file my_file01.txt (compact mmCIF, C-alpha atoms)
# COMPACT_ATOMS: atom_id res chain seq x y z
CA MET A 1449 96.79 90.74 75.37
CA LYS A 1450 93.57 92.03 76.90
CA VAL A 1451 94.22 94.71 79.52
CA ILE A 1452 91.69 96.54 81.66
CA VAL A 1453 92.47 99.89 83.26
CA LEU A 1454 90.50 100.62 86.43
CA GLY A 1455 90.33 104.38 86.95
CA CYS A 1456 90.72 106.84 84.07
CA GLY A 1457 91.58 110.01 85.97
CA LYS A 1458 94.70 112.15 85.87
CA ILE A 1459 97.03 109.21 86.50
CA GLY A 1460 95.21 106.21 85.04
CA ALA A 1461 94.92 107.74 81.58
CA VAL A 1462 98.67 108.42 81.48
CA ILE A 1463 99.52 104.88 82.62
CA ALA A 1464 97.29 103.47 79.87
CA ARG A 1465 98.76 105.60 77.07
CA GLU A 1466 102.36 104.82 78.01
CA PHE A 1467 101.61 101.11 78.48
CA HIS A 1468 99.98 100.92 75.06
CA ARG A 1469 103.00 102.65 73.53
CA ARG A 1470 105.21 99.95 75.05
CA VAL A 1471 102.90 97.03 74.31
CA PRO A 1472 101.12 98.19 71.11
CA ALA A 1473 99.50 94.79 70.51
CA SER A 1474 97.53 95.12 73.75
CA ARG A 1475 93.77 95.65 73.61
CA LEU A 1476 92.78 98.11 76.32
CA THR A 1477 89.48 98.57 78.09
CA MET A 1478 89.30 101.90 79.90
CA ALA A 1479 86.96 101.45 82.87
CA ASP A 1480 85.76 104.06 85.33
CA LEU A 1481 82.87 104.90 87.62
CA ASP A 1482 82.26 107.90 85.33
CA GLU A 1483 81.26 106.86 81.80
CA ASN A 1484 82.34 110.15 80.21
CA ARG A 1485 85.78 109.89 81.78
CA ALA A 1486 86.19 106.33 80.55
CA ARG A 1487 85.00 107.28 77.04
CA ASN A 1488 87.39 110.23 76.80
CA ALA A 1489 90.34 108.16 78.00
CA ALA A 1490 89.58 105.41 75.48
CA ALA A 1491 89.36 107.93 72.63
CA ALA A 1492 93.04 108.84 73.17
CA ILE A 1493 94.27 105.26 72.60
CA PRO A 1494 94.00 103.48 69.23
CA GLY A 1495 91.66 100.51 69.43
CA ALA A 1496 90.71 101.05 73.06
CA VAL A 1497 87.15 100.57 74.27
CA TYR A 1498 85.49 101.86 77.40
CA ALA A 1499 83.28 100.50 80.17
CA THR A 1500 81.78 101.56 83.46
CA ILE A 1501 82.49 99.76 86.71
CA ASP A 1502 80.49 99.21 89.87
CA THR A 1503 82.48 99.16 93.11
CA SER A 1504 79.48 98.53 95.38
CA GLY A 1505 80.14 94.78 95.46
CA PRO A 1506 83.02 92.42 94.63
CA GLY A 1507 81.03 90.29 92.21
CA SER A 1508 80.66 93.04 89.64
CA LEU A 1509 84.37 93.86 89.63
CA ILE A 1510 85.40 90.21 89.39
CA LYS A 1511 83.08 89.73 86.42
CA LYS A 1512 84.47 92.83 84.71
CA ILE A 1513 88.10 91.78 85.25
CA ARG A 1514 87.81 88.08 84.42
CA GLY A 1515 89.04 87.19 80.94
CA HIS A 1516 91.77 89.83 80.87
CA SER A 1517 95.49 89.16 81.09
CA LEU A 1518 96.39 92.22 83.16
CA VAL A 1519 94.76 94.87 85.34
CA LEU A 1520 96.19 98.36 85.66
CA GLY A 1521 94.71 99.80 88.85
CA ALA A 1522 94.40 103.55 89.38
CA LEU A 1523 91.27 103.88 91.50
CA PRO A 1524 91.05 106.12 94.58
CA GLY A 1525 92.48 104.45 97.68
CA ASP A 1526 89.08 103.65 99.20
CA TYR A 1527 88.34 101.32 96.26
CA GLY A 1528 91.86 100.06 95.58
CA TYR A 1529 91.95 97.09 97.93
CA ALA A 1530 88.64 95.74 96.63
CA ALA A 1531 90.02 95.99 93.10
CA ILE A 1532 93.20 94.11 94.01
CA LYS A 1533 91.17 91.44 95.78
CA ALA A 1534 88.89 91.14 92.73
CA ALA A 1535 91.89 90.73 90.41
CA VAL A 1536 93.30 87.97 92.59
CA GLU A 1537 89.93 86.21 92.72
CA ALA A 1538 89.64 86.50 88.93
CA GLY A 1539 93.15 85.10 88.50
CA VAL A 1540 94.49 88.15 86.66
CA HIS A 1541 97.89 89.83 87.11
CA MET A 1542 97.79 93.42 88.38
CA VAL A 1543 99.92 96.54 88.75
CA ASP A 1544 98.29 99.06 91.08
CA VAL A 1545 98.97 102.66 92.13
CA SER A 1546 96.03 103.23 94.49
CA PHE A 1547 96.87 104.38 98.02
CA THR A 1548 94.85 101.78 99.93
CA PRO A 1549 94.26 102.08 103.68
CA GLU A 1550 94.51 98.26 103.84
CA ASN A 1551 97.76 96.33 103.59
CA PRO A 1552 97.85 94.61 100.16
CA MET A 1553 100.26 91.98 101.54
CA ARG A 1554 97.22 90.36 103.20
CA LEU A 1555 96.40 88.94 99.77
CA ASP A 1556 99.85 87.39 99.19
CA ALA A 1557 98.85 83.81 99.99
CA ASP A 1558 95.69 84.02 97.85
CA ALA A 1559 97.65 85.49 94.93
CA LYS A 1560 100.25 82.71 95.14
CA GLU A 1561 97.51 80.11 95.23
CA LYS A 1562 95.99 81.62 92.09
CA GLY A 1563 99.42 81.91 90.44
CA VAL A 1564 99.07 85.63 89.78
CA THR A 1565 101.47 88.50 90.33
CA VAL A 1566 100.26 91.69 92.01
CA ILE A 1567 102.59 94.68 92.29
CA PRO A 1568 100.94 97.19 94.65
CA ASP A 1569 101.89 100.80 95.39
CA CYS A 1570 103.69 100.98 92.04
CA GLY A 1571 103.64 104.75 91.44
CA VAL A 1572 106.26 107.30 92.37
CA ALA A 1573 105.91 107.30 96.18
CA PRO A 1574 105.12 104.71 97.24
CA GLY A 1575 106.57 102.94 94.23
CA LEU A 1576 109.75 104.31 92.72
CA SER A 1577 110.76 105.48 96.21
CA ASN A 1578 110.48 101.89 97.51
CA MET A 1579 112.42 100.57 94.53
CA LEU A 1580 115.22 103.03 95.21
CA VAL A 1581 115.34 101.98 98.86
CA GLY A 1582 115.59 98.35 97.73
CA TYR A 1583 118.25 99.31 95.19
CA GLY A 1584 120.29 101.22 97.77
CA ALA A 1585 119.94 98.38 100.27
CA SER A 1586 121.20 95.88 97.67
CA LYS A 1587 124.48 97.80 97.53
CA LEU A 1588 125.08 97.49 101.27
CA ASP A 1589 125.87 94.57 103.53
CA LYS A 1590 123.73 96.05 106.32
CA VAL A 1591 121.11 98.81 106.29
CA ASP A 1592 120.85 101.14 109.27
CA SER A 1593 118.43 103.77 107.97
CA ALA A 1594 116.23 104.67 105.01
CA HIS A 1595 114.71 108.12 104.58
CA VAL A 1596 112.32 109.21 101.84
CA MET A 1597 111.33 112.82 101.14
CA VAL A 1598 108.97 113.46 98.23
CA GLY A 1599 106.43 115.98 97.07
CA GLY A 1600 104.49 117.07 94.02
CA ILE A 1601 104.19 120.86 94.15
CA PRO A 1602 103.59 123.74 91.73
CA GLU A 1603 106.70 125.18 90.08
CA THR A 1604 106.04 128.31 92.13
CA PRO A 1605 103.78 128.63 95.23
CA VAL A 1606 100.12 129.26 94.38
CA PRO A 1607 97.75 130.84 96.96
CA PRO A 1608 96.10 129.95 99.26
CA LEU A 1609 97.89 126.68 100.12
CA GLY A 1610 100.99 127.01 97.95
CA TYR A 1611 99.72 123.87 96.23
CA THR A 1612 97.79 122.61 93.20
CA VAL A 1613 95.99 119.27 92.84
CA THR A 1614 97.67 116.96 90.32
CA TRP A 1615 96.29 113.59 91.48
CA SER A 1616 93.38 112.15 93.45
CA ALA A 1617 92.04 114.79 95.85
CA GLU A 1618 90.70 112.00 98.09
CA GLY A 1619 94.17 110.47 98.22
CA LEU A 1620 95.56 113.88 99.11
CA VAL A 1621 93.17 114.24 102.06
CA ASP A 1622 94.15 110.73 103.18
CA GLU A 1623 97.77 111.89 103.41
CA TYR A 1624 96.74 114.62 105.83
CA VAL A 1625 94.72 112.44 108.22
CA ARG A 1626 96.12 108.93 108.08
CA GLY A 1627 98.59 108.14 110.86
CA ALA A 1628 102.06 107.44 109.51
CA ARG A 1629 103.97 104.27 110.27
CA VAL A 1630 107.67 104.85 110.82
CA VAL A 1631 110.48 102.73 112.20
CA GLU A 1632 112.21 103.96 115.36
CA GLY A 1633 114.78 101.86 117.20
CA GLY A 1634 113.97 98.94 114.94
CA GLU A 1635 110.28 98.99 115.91
CA ILE A 1636 107.27 100.05 113.84
CA VAL A 1637 105.42 102.90 115.54
CA GLU A 1638 102.63 105.18 114.40
CA VAL A 1639 103.02 108.95 114.48
CA PRO A 1640 100.34 111.57 113.69
CA ALA A 1641 99.99 112.82 110.15
CA LEU A 1642 101.52 116.27 109.60
CA SER A 1643 104.00 115.76 112.46
CA GLY A 1644 107.81 115.64 112.31
CA LEU A 1645 107.94 119.04 110.61
CA GLU A 1646 111.36 120.18 109.38
CA GLU A 1647 112.83 122.36 106.62
CA ILE A 1648 115.27 121.23 103.94
CA ASP A 1649 117.01 122.94 101.05
CA PHE A 1650 116.25 120.92 97.92
CA PRO A 1651 118.69 121.58 95.05
CA GLY A 1652 117.00 123.31 92.13
CA VAL A 1653 113.91 124.21 94.17
CA GLY A 1654 114.93 125.94 97.41
CA VAL A 1655 113.62 125.70 100.95
CA LEU A 1656 110.77 123.23 101.49
CA GLU A 1657 109.07 121.84 104.58
CA ALA A 1658 108.81 118.11 105.22
CA PHE A 1659 106.34 116.21 107.43
CA TYR A 1660 105.53 112.58 108.15
CA THR A 1661 103.10 110.76 105.85
CA ASP A 1662 102.23 107.09 105.55
CA GLY A 1663 104.42 106.37 102.53
CA LEU A 1664 106.64 103.55 103.76
CA ARG A 1665 103.89 101.05 103.10
CA THR A 1666 105.37 97.57 102.59
CA LEU A 1667 108.88 98.81 103.42
CA ALA A 1668 108.01 98.78 107.12
CA GLU A 1669 107.89 94.98 107.10
CA SER A 1670 110.05 93.99 104.15
CA LEU A 1671 113.33 95.46 105.47
CA PRO A 1672 113.72 93.88 108.92
CA GLY A 1673 116.59 94.96 111.14
CA VAL A 1674 116.63 98.60 109.97
CA ALA A 1675 116.90 100.91 112.96
CA GLU A 1676 115.27 104.01 111.44
CA MET A 1677 112.99 104.45 108.48
CA TRP A 1678 110.43 107.08 107.51
CA GLU A 1679 108.77 108.92 104.63
CA LYS A 1680 108.02 112.63 104.61
CA THR A 1681 106.03 114.73 102.15
CA LEU A 1682 107.52 117.97 100.78
CA ARG A 1683 105.60 121.22 100.46
CA TYR A 1684 106.38 124.93 100.30
CA PRO A 1685 106.86 126.55 103.74
CA GLY A 1686 103.61 127.44 105.51
CA HIS A 1687 101.51 124.70 103.91
CA VAL A 1688 101.28 122.47 106.99
CA GLU A 1689 99.99 125.27 109.23
CA LYS A 1690 97.12 125.97 106.83
CA VAL A 1691 96.24 122.30 106.34
CA ARG A 1692 96.22 121.72 110.10
CA LEU A 1693 93.61 124.48 110.37
CA LEU A 1694 91.37 122.72 107.83
CA ARG A 1695 91.82 119.44 109.69
CA ASP A 1696 91.12 120.95 113.09
CA LEU A 1697 87.92 122.54 111.77
CA GLY A 1698 86.71 119.03 110.92
CA LEU A 1699 86.82 119.44 107.15
CA PHE A 1700 88.68 116.13 106.78
CA SER A 1701 86.27 114.19 109.02
CA ASP A 1702 84.36 111.08 107.91
CA GLU A 1703 81.52 111.84 110.34
CA PRO A 1704 78.61 113.03 108.15
CA VAL A 1705 76.92 116.38 108.53
CA THR A 1706 73.36 117.07 107.36
CA VAL A 1707 73.08 119.52 104.49
CA ARG A 1708 69.50 120.19 103.37
CA GLY A 1709 68.45 116.78 104.56
CA VAL A 1710 71.36 114.94 102.96
CA GLN A 1711 74.11 113.23 104.96
CA VAL A 1712 77.49 114.39 103.61
CA PRO A 1713 80.94 113.29 104.90
CA PRO A 1714 83.01 116.51 105.16
CA ARG A 1715 86.09 114.68 103.86
CA LEU A 1716 84.47 113.88 100.52
CA ALA A 1717 83.02 117.37 100.16
CA THR A 1718 86.41 118.89 100.98
CA ALA A 1719 88.09 116.67 98.39
CA ARG A 1720 85.66 117.86 95.72
CA VAL A 1721 86.19 121.51 96.69
CA LEU A 1722 89.97 121.11 96.65
CA GLU A 1723 89.76 119.42 93.28
CA ARG A 1724 87.64 122.26 91.90
CA SER A 1725 89.66 125.07 93.45
CA LEU A 1726 93.20 123.73 93.13
CA TRP A 1727 93.06 121.90 89.79
CA MET A 1728 95.12 124.35 87.72
CA PRO A 1729 96.48 122.61 84.62
CA GLU A 1730 97.82 125.92 83.38
CA VAL A 1731 100.20 125.99 86.37
CA GLY A 1732 103.16 123.67 85.86
CA ASP A 1733 104.11 121.32 88.66
CA LEU A 1734 107.31 119.61 89.74
CA LEU A 1735 108.13 116.38 91.54
CA ALA A 1736 110.98 116.50 94.05
CA MET A 1737 112.19 113.30 95.68
CA GLN A 1738 115.20 112.36 97.75
CA VAL A 1739 115.87 108.83 99.00
CA THR A 1740 118.81 108.15 101.30
CA VAL A 1741 119.84 104.67 102.42
CA LYS A 1742 122.71 104.33 104.91
CA GLY A 1743 124.44 101.36 106.45
CA GLU A 1744 127.62 99.35 106.21
CA SER A 1745 129.63 97.89 103.37
CA GLY A 1746 132.40 95.70 104.68
CA GLU A 1747 133.71 97.53 107.72
CA GLU A 1748 132.92 101.01 106.38
CA LYS A 1749 129.92 103.23 106.93
CA ARG A 1750 128.44 103.82 103.50
CA GLY A 1751 125.27 105.12 101.95
CA HIS A 1752 123.55 106.16 98.75
CA THR A 1753 121.32 109.14 97.99
CA PHE A 1754 118.99 109.18 95.00
CA ARG A 1755 117.44 112.45 93.87
CA VAL A 1756 114.74 113.18 91.30
CA LEU A 1757 113.55 116.59 90.09
CA ASP A 1758 111.00 116.33 87.32
CA ARG A 1759 108.92 119.15 85.82
CA TYR A 1760 105.64 119.58 83.99
CA ASP A 1761 105.75 118.59 80.32
CA HIS A 1762 104.36 121.76 78.75
CA GLU A 1763 104.49 120.34 75.22
CA GLY A 1764 102.70 117.09 76.03
CA LYS A 1765 100.62 118.72 78.80
CA VAL A 1766 101.43 115.97 81.29
CA SER A 1767 102.07 116.86 84.93
CA ALA A 1768 105.27 115.84 86.67
CA MET A 1769 103.16 113.82 89.12
CA ALA A 1770 101.47 111.93 86.28
CA ARG A 1771 104.80 111.44 84.49
CA THR A 1772 106.68 110.01 87.46
CA THR A 1773 103.73 107.95 88.72
CA GLY A 1774 102.29 106.85 85.41
CA TYR A 1775 105.52 106.11 83.56
CA THR A 1776 106.94 104.11 86.47
CA ALA A 1777 103.77 101.99 86.62
CA ALA A 1778 103.65 101.56 82.84
CA ILE A 1779 107.28 100.43 82.61
CA VAL A 1780 106.79 97.86 85.37
CA ALA A 1781 103.48 96.71 83.87
CA SER A 1782 105.08 96.24 80.46
CA GLU A 1783 107.82 94.11 82.02
CA LEU A 1784 105.14 92.01 83.71
CA ALA A 1785 103.18 91.74 80.47
CA LYS A 1786 106.27 90.55 78.61
CA GLY A 1787 106.90 87.82 81.18
CA LYS A 1788 110.03 89.40 82.62
CA ILE A 1789 108.54 89.48 86.12
CA LYS A 1790 107.56 85.95 87.05
CA GLU A 1791 107.30 85.88 90.85
CA PRO A 1792 103.76 84.95 91.97
CA GLY A 1793 102.06 86.62 94.91
CA VAL A 1794 101.97 90.20 96.08
CA VAL A 1795 105.39 91.58 95.15
CA PRO A 1796 106.30 94.85 96.91
CA PRO A 1797 108.17 97.39 94.75
CA GLU A 1798 111.30 97.27 96.92
CA ARG A 1799 111.72 93.60 96.01
CA LEU A 1800 111.93 94.64 92.36
CA GLY A 1801 114.42 97.33 93.34
CA ALA A 1802 116.70 94.81 95.03
CA ASP A 1803 117.30 93.28 91.59
CA GLN A 1804 120.08 95.54 90.31
CA ARG A 1805 119.67 94.42 86.72
CA PHE A 1806 115.96 95.24 86.80
CA MET A 1807 116.68 98.65 88.35
CA ARG A 1808 119.32 99.56 85.81
CA GLY A 1809 116.76 98.82 83.09
CA LEU A 1810 114.02 100.81 84.83
CA LEU A 1811 116.25 103.83 85.41
CA SER A 1812 117.40 103.69 81.79
CA GLU A 1813 113.80 103.66 80.56
CA LEU A 1814 112.87 106.57 82.83
CA ARG A 1815 115.88 108.48 81.49
CA ARG A 1816 114.57 107.97 77.95
CA LEU A 1817 111.44 109.73 79.14
CA ASN A 1818 113.56 112.56 80.63
CA ILE A 1819 113.02 111.45 84.21
CA VAL A 1820 116.53 111.42 85.62
CA VAL A 1821 117.46 109.75 88.90
CA GLU A 1822 120.77 111.13 90.17
CA GLU A 1823 122.79 108.92 92.50
CA SER A 1824 125.55 109.96 94.89
CA GLU A 1825 127.45 108.19 97.65
CA VAL A 1826 127.32 109.44 101.21
CA GLY A 1827 129.59 108.56 104.11
call {"tool": "encode", "arguments": {"input": "my_file01.txt", "output": "structure tokens"}}
result
Amino acid sequence: MKVIVLGCGKIGAVIAREFHRRVPASRLTMADLDENRARNAAAAIPGAVYATIDTSGPGSLIKKIRGHSLVLGALPGDYGYAAIKAAVEAGVHMVDVSFTPENPMRLDADAKEKGVTVIPDCGVAPGLSNMLVGYGASKLDKVDSAHVMVGGIPETPVPPLGYTVTWSAEGLVDEYVRGARVVEGGEIVEVPALSGLEEIDFPGVGVLEAFYTDGLRTLAESLPGVAEMWEKTLRYPGHVEKVRLLRDLGLFSDEPVTVRGVQVPPRLATARVLERSLWMPEVGDLLAMQVTVKGESGEEKRGHTFRVLDRYDHEGKVSAMARTTGYTAAIVASELAKGKIKEPGVVPPERLGADQRFMRGLLSELRRLNIVVEESEVG
């Protein structure tokens, strides 16, 4: 099986290594905009080769993808949709973790026509969070609400933001500026990023603050009839106030400023600065996630809460964010590669989660990797 990995950064490299461990007969091409990054990622996988990619036009990506059996997508969100579209055009199955501004479900009809399966947003959140919502919903006769709280944070707060970068810095900035879609009264509405601030006490971590981010993704449309649904990001207290200051100063703006005769979008410059200043591999991180689905079973009000607390792998030097994102994607991709996922079209993660047999297998595989999802019933 020929597999191409698009994006060889902090997450893509982990997805590739775990996928190859699960499907050792696969022949991987590690592809990135940065040749050195692609070369280094390929060197860590037996038999892998590397290539550079050009995202300036669809033709180049389609040509690079064609001839493979599977695409593992881990590009920054701004390039993710073009990569998914190229995979569909090339007639190649894809599992993707990029946080695209565009709705990948737009490509559902084209993917079905081509007979390919695309599983978008297949990381930890969106991704595992969606699957757990689908799993919880499958245990109820009627769903009234679904709430997701999730955050990747350092094991202890690190100045100045109480935060370290463990994934795409551009994706991080997107979280802070992109309006969040939530469901209120059964209707999809958009609320400002960084709004809906509240504090929670997360077991094993302590007090955290939560705020709206655009993490529902496909859930907003795929679970009709739900009265209330939202996703919030978790950070240490005080983080939102500081990030709002950066936003209000215009440091997340797309409107270019001129620096020594060069037009520079502040958002991209800020992402690079955050990446340089807050990339601290020596500081362990943790991933905290809580998913609660409530509704009715028979005539009783019932619900299920799923909780994950994963920590940095100091021995393997893999962040909790990379573990939970990368291992989830790799497990799903291996199931697709082995022909165990057959549905054509764009398949949202929650649809996989609604299959209880699939979810029991996924949760078992995550447990083997020491990622434990605890489940409890709520009234």
call {"tool": "residues_around", "arguments": {"input": "my_file01.txt", "residues": "A:Leu1609", "least_positions_apart": "4", "cutoff": "10 Å", "atoms": "only C-alpha atoms", "output": "VMD selection string"}}
result
chain A and resid 1605 1683 to 1691 1726
call {"tool": "atom_distance", "arguments": {"input": "my_file01.txt", "atom1": "atom CA of A:Asn1578", "atom2": "atom CA of A:Pro1797"}}
result
5.8 Å
call {"tool": "atom_distance", "arguments": {"input": "my_file01.txt", "atom1": "atom CA of A:Val1598", "atom2": "atom CA of A:Val1639"}}
result
17.9 Å
call {"tool": "closest_residue", "arguments": {"input": "my_file01.txt", "among": "A:Glu1798, A:Asp1702, A:Glu1813, A:Glu1483", "to": "A:Ser1782", "atoms": "all atoms listed in the file"}}
result
A:Glu1813
call {"tool": "residues_around", "arguments": {"input": "my_file01.txt", "residues": "A:Leu1454", "least_positions_apart": "6", "cutoff": "6 Å", "atoms": "all atoms listed in the file", "output": "PyMOL selection string"}}
result
chain A and resi 1479-1480+1521-1522
call {"tool": "closest_residue", "arguments": {"input": "my_file01.txt", "among": "A:Gly1600, A:Gly1663, A:Gly1457, A:Pro1472", "to": "A:Gly1732", "atoms": "only C-alpha atoms"}}
result
A:Gly1600
call {"tool": "closest_residue", "arguments": {"input": "my_file01.txt", "among": "A:Lys1458, A:Lys1450, A:Arg1487, A:Lys1742", "to": "A:Arg1514", "atoms": "all atoms listed in the file"}}
result
A:Lys1450
call {"tool": "residues_around", "arguments": {"input": "my_file01.txt", "residues": "A:Lys1786", "least_positions_apart": "4", "cutoff": "12 Å", "atoms": "only C-alpha atoms", "output": "compact mmCIF listing (two decimals) with C-alpha atoms, in the frame of the given file"}}
result
# COMPACT_ATOMS: atom_id res chain seq x y z
CA MET A 1449 96.79 90.74 75.37
CA PHE A 1467 101.61 101.11 78.48
CA ARG A 1470 105.21 99.95 75.05
CA VAL A 1471 102.90 97.03 74.31
CA PRO A 1472 101.12 98.19 71.11
CA ALA A 1473 99.50 94.79 70.51
CA SER A 1474 97.53 95.12 73.75
CA SER A 1517 95.49 89.16 81.09
CA LEU A 1518 96.39 92.22 83.16
CA HIS A 1541 97.89 89.83 87.11
CA ILE A 1779 107.28 100.43 82.61
CA VAL A 1780 106.79 97.86 85.37
CA ALA A 1781 103.48 96.71 83.87
CA SER A 1782 105.08 96.24 80.46
CA LYS A 1790 107.56 85.95 87.05
call {"tool": "closest_residue", "arguments": {"input": "my_file01.txt", "among": "A:Phe1754, A:Tyr1760, A:Tyr1611, A:Phe1547", "to": "A:Met1597", "atoms": "only C-alpha atoms"}}
result
A:Phe1754
call {"tool": "residues_near_point", "arguments": {"input": "my_file01.txt", "point": "(118.3, 107.9, 83.5)", "cutoff": "9 Å", "atoms": "all atoms listed in the file", "output": "ChimeraX atom specification"}}
result
/A:1808,1810-1822
call {"tool": "closest_residue", "arguments": {"input": "my_file01.txt", "among": "A:Glu1747, A:Glu1638, A:Glu1703, A:Glu1618", "to": "A:Thr1661", "atoms": "only C-alpha atoms"}}
result
A:Glu1638
call {"tool": "atom_distance", "arguments": {"input": "my_file01.txt", "atom1": "atom CA of A:Ala1534", "atom2": "atom CA of A:Ser1670"}}
result
24.2 Å
call {"tool": "residues_near_point", "arguments": {"input": "my_file01.txt", "point": "(113.8, 107.9, 100.5)", "cutoff": "8 Å", "atoms": "all atoms listed in the file", "output": "VMD selection string"}}
result
chain A and resid 1577 to 1578 1580 to 1581 1594 to 1598 1678 to 1679 1737 to 1741 1754
call {"tool": "residues_around", "arguments": {"input": "my_file01.txt", "residues": "A:Met1677", "least_positions_apart": "2", "cutoff": "8 Å", "atoms": "only C-alpha atoms", "output": "list of chain:residue names"}}
result
A:Ser1593, A:Ala1594, A:His1595, A:Val1630, A:Val1631, A:Glu1632, A:Leu1664, A:Ala1668, A:Val1674, A:Ala1675, A:Glu1679
call {"tool": "closest_residue", "arguments": {"input": "my_file01.txt", "among": "A:Phe1806, A:Asp1761, A:Gly1743, A:Leu1667", "to": "A:Val1826", "atoms": "all atoms listed in the file"}}
result
A:Gly1743
